[in-house]
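Remarks on the structure that follows.
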Amino acid sequence: MKHLRHIHLRLASIGLLGALFLAACQPLTPTPAPAEVTDTATPEAATTAASALPTDAPATEPVVAAAAPVNLSLPGLGLDIAVAPMGWEIVEVDGQRTTQWVVPENAAGWAINSAGAGGIGNMVIAGHQTRGDAVFAALALGEVEPGQKIMVTDAAGAKFTYQVVEVSEPLPLLGATAAERAQAEAFVAPSTDARLTLVTGWPADTTTHRIFVVAELTSATQ
């Protein structure tokens, strides 16, 4: 049963989410940490860029008061991955206090200041491709492609279907151009539609770049 409603965007998260993801990924220019902001140690992974594909009957009314995601699966790849809330910690880099995401070792991490499952906005989930259980290794190996389905379950048991519409080129962590940094920030920025963005490192055996997978909400089962 398709049952979707509107949710308010948390304007305070605009910029904060992008800063958190970019700062930690840019160790050459750490950003001083204001209270709880900036820097992210998120893994990365690669595939080829792909243009947006048409999605199944787009969801017209995403969920009000969307809940935290607890599980993510890619049926086409036989993957079933636990999702845990992902916060950040304050660290020192070259004498400056900055913040970085604490990405779970054995699960994917949901950025707690991003959208909830099925809600309007950008739900950002990061995962390692080399460390721990390497839950996002498939992204780094190029196995996730436009058109594939991603199922997300929230804490209340509601299930949401997203369809992959874009897989980014690998974007460098160090030495990135201003355009590449802006592109990476745009992938994790809040949005006005209901979408899911997966973030991981690339290549599969180390982390010199990151990759982003964007999927759009197509249906929900309450």
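By order in the structure tokens, chains are A, B, ...; within a chain, residues start at 1; ligands start at 1, following the order shown.
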Can you build me a table of segment 53-141 of chain A residues sitting at most 6 Å from segment 185-203 of chain A, with the closest atom pair per residue and its distance in Å to one decimal, using only C-alpha atoms, sorted by chain and residue number, as a tab-separated table?
residue	atom	partner	partner_atom	distance
A:Gly119	CA	A:Ala194	CA	5.8
A:Ile120	CA	A:Ala194	CA	4.1
A:Gly121	CA	A:Ser191	CA	4.6
A:Asn122	CA	A:Arg195	CA	5.0
A:Met123	CA	A:Leu196	CA	4.7
A:Val124	CA	A:Thr197	CA	4.9
A:Ile125	CA	A:Leu198	CA	5.0
A:Ala126	CA	A:Val199	CA	4.6
A:Gly127	CA	A:Thr200	CA	5.5
A:His128	CA	A:Thr200	CA	5.9
A:Ala140	CA	A:Trp202	CA	5.3
For the selection just defined, write its residues with N, CA and C atoms to a file, as a short mmCIF file (atom, residue, chain, number, x, y, z; two decimals), in the first residue's frame.
data_model
loop_
_atom_site.label_atom_id
_atom_site.label_comp_id
_atom_site.auth_asym_id
_atom_site.auth_seq_id
_atom_site.Cartn_x
_atom_site.Cartn_y
_atom_site.Cartn_z
N GLY A 119 11.28 9.91 3.80
CA GLY A 119 10.92 11.31 3.97
C GLY A 119 11.47 12.19 2.87
N ILE A 120 10.89 13.38 2.75
CA ILE A 120 11.43 14.34 1.80
C ILE A 120 12.79 14.79 2.28
N GLY A 121 13.72 14.90 1.37
CA GLY A 121 15.08 15.28 1.71
C GLY A 121 16.05 14.20 1.26
N ASN A 122 17.30 14.40 1.56
CA ASN A 122 18.36 13.50 1.14
C ASN A 122 18.79 12.62 2.32
N MET A 123 18.45 11.34 2.26
CA MET A 123 18.87 10.39 3.29
C MET A 123 20.27 9.90 2.91
N VAL A 124 21.26 10.23 3.72
CA VAL A 124 22.65 9.90 3.41
C VAL A 124 23.12 8.72 4.26
N ILE A 125 23.60 7.67 3.59
CA ILE A 125 24.08 6.48 4.28
C ILE A 125 25.48 6.14 3.75
N ALA A 126 26.45 6.02 4.66
CA ALA A 126 27.83 5.74 4.30
C ALA A 126 28.23 4.35 4.79
N GLY A 127 29.20 3.77 4.12
CA GLY A 127 29.68 2.46 4.55
C GLY A 127 31.09 2.22 4.05
N HIS A 128 31.83 1.40 4.80
CA HIS A 128 33.20 1.07 4.39
C HIS A 128 33.20 0.06 3.25
N ALA A 140 32.17 -0.21 -4.56
CA ALA A 140 33.54 0.01 -5.02
C ALA A 140 33.90 -0.88 -6.20
#
- Task: Do a neighbour search on Ala67 of chain A at 7 Å with only C-alpha atoms, toss out local chain neighbours closer than 2 positions, and write the hits as a list of chain:residue names.
- Result: A:Ala65, A:Pro69, A:Gly116, A:Ala117, A:Asp154, A:Ala155
Please save N, CA and C atoms of the selected residues as a JSON list (two decimals), in the first residue's frame.
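What follows is the written file out-v4.json:
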[["chain", "number", "residue", "atom", "x", "y", "z"],
["A", 65, "ALA", "N", 7.30, 12.95, 9.40],
["A", 65, "ALA", "CA", 8.07, 12.47, 10.56],
["A", 65, "ALA", "C", 8.74, 11.15, 10.25],
["A", 69, "PRO", "N", 16.39, 4.84, 9.37],
["A", 69, "PRO", "CA", 16.51, 3.56, 8.66],
["A", 69, "PRO", "C", 17.27, 2.56, 9.53],
["A", 116, "GLY", "N", 15.10, 11.11, 7.02],
["A", 116, "GLY", "CA", 14.76, 9.77, 7.48],
["A", 116, "GLY", "C", 14.24, 8.92, 6.33],
["A", 117, "ALA", "N", 13.99, 7.65, 6.62],
["A", 117, "ALA", "CA", 13.53, 6.71, 5.58],
["A", 117, "ALA", "C", 12.18, 7.14, 5.01],
["A", 154, "ASP", "N", 12.51, 1.09, 7.96],
["A", 154, "ASP", "CA", 12.73, 1.97, 9.10],
["A", 154, "ASP", "C", 12.47, 1.25, 10.42],
["A", 155, "ALA", "N", 12.67, 1.96, 11.51],
["A", 155, "ALA", "CA", 12.58, 1.36, 12.84],
["A", 155, "ALA", "C", 11.18, 0.84, 13.15]]
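The interatomic distance for the pair atom CA of Thr153 of chain A and atom CA of Ile211 of chain A works out to 23.0 Å.
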Just the residues within 6 Å of Ile112 of chain A, please, counting only C-alpha atoms, with nothing from its chain fewer than 2 positions along; format it as an mmCIF file with C-alpha atoms, in the first residue's frame.
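Result written to out32.cif:
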data_model
loop_
_atom_site.group_PDB
_atom_site.id
_atom_site.type_symbol
_atom_site.label_atom_id
_atom_site.label_comp_id
_atom_site.auth_asym_id
_atom_site.auth_seq_id
_atom_site.Cartn_x
_atom_site.Cartn_y
_atom_site.Cartn_z
ATOM 1 C CA PRO A 85 22.813 5.945 13.334
ATOM 2 C CA MET A 86 26.096 7.681 12.470
ATOM 3 C CA TRP A 110 22.928 6.795 8.520
ATOM 4 C CA SER A 114 20.049 13.813 7.009
#
- Message: Quick check for you: according to DSSP on this backbone, which residues of segment 57-168 of chain A are classed as strand (DSSP E or B)? Reply as a ChimeraX atom specification.
- Response: /A:63,69-74,79-86,88-93,96-101,108-111,119,121-126,149-154,159-167
Requested write-out: C-alpha atoms of the selected residues, as a compact mmCIF listing (two decimals), in the first residue's frame:
# COMPACT_ATOMS: atom_id res chain seq x y z
CA VAL A 63 6.36 10.32 4.81
CA PRO A 69 16.51 3.56 8.66
CA VAL A 70 17.59 0.26 10.22
CA ASN A 71 18.14 -1.93 7.18
CA LEU A 72 19.12 -1.53 3.55
CA SER A 73 19.01 -4.22 0.88
CA LEU A 74 19.82 -4.52 -2.80
CA LEU A 79 22.80 -7.81 -0.25
CA ASP A 80 21.13 -7.22 3.13
CA ILE A 81 22.85 -4.61 5.32
CA ALA A 82 22.10 -3.36 8.82
CA VAL A 83 22.01 0.43 9.18
CA ALA A 84 22.99 2.24 12.40
CA PRO A 85 22.81 5.94 13.33
CA MET A 86 26.10 7.68 12.47
CA TRP A 88 30.59 12.48 14.51
CA GLU A 89 33.50 13.07 16.87
CA ILE A 90 35.86 15.99 17.39
CA VAL A 91 39.48 15.27 16.46
CA GLU A 92 42.68 17.28 16.04
CA VAL A 93 44.34 17.60 12.65
CA GLN A 96 43.13 22.31 14.66
CA ARG A 97 39.95 20.88 16.13
CA THR A 98 37.67 19.45 13.47
CA THR A 99 34.97 16.80 13.24
CA GLN A 100 34.69 13.53 11.40
CA TRP A 101 31.97 10.95 10.92
CA ALA A 108 26.18 1.09 7.13
CA GLY A 109 25.91 4.46 8.88
CA TRP A 110 22.93 6.80 8.52
CA ALA A 111 23.94 10.46 8.87
CA GLY A 119 10.92 11.31 3.97
CA GLY A 121 15.08 15.28 1.71
CA ASN A 122 18.36 13.50 1.14
CA MET A 123 18.87 10.39 3.29
CA VAL A 124 22.65 9.90 3.41
CA ILE A 125 24.08 6.48 4.28
CA ALA A 126 27.83 5.74 4.30
CA LYS A 149 16.26 -1.24 -6.60
CA ILE A 150 17.31 -0.40 -3.06
CA MET A 151 14.94 -1.34 -0.24
CA VAL A 152 15.09 0.58 3.04
CA THR A 153 13.28 -0.45 6.24
CA ASP A 154 12.73 1.97 9.10
CA LYS A 159 9.54 -0.46 3.83
CA PHE A 160 10.54 1.99 1.13
CA THR A 161 11.70 1.30 -2.40
CA TYR A 162 14.27 3.53 -4.08
CA GLN A 163 15.59 3.24 -7.64
CA VAL A 164 19.18 4.07 -8.52
CA VAL A 165 19.31 6.99 -10.96
CA GLU A 166 22.99 7.96 -10.82
CA VAL A 167 26.38 6.51 -9.92
- For Gln129 of chain A, which residue among A:Val144, A:Ala220, A:Leu173, A:Ala204 is the nearest when counting only C-alpha atoms?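 Under the stated criterion, the closest residue is A:Ala204.
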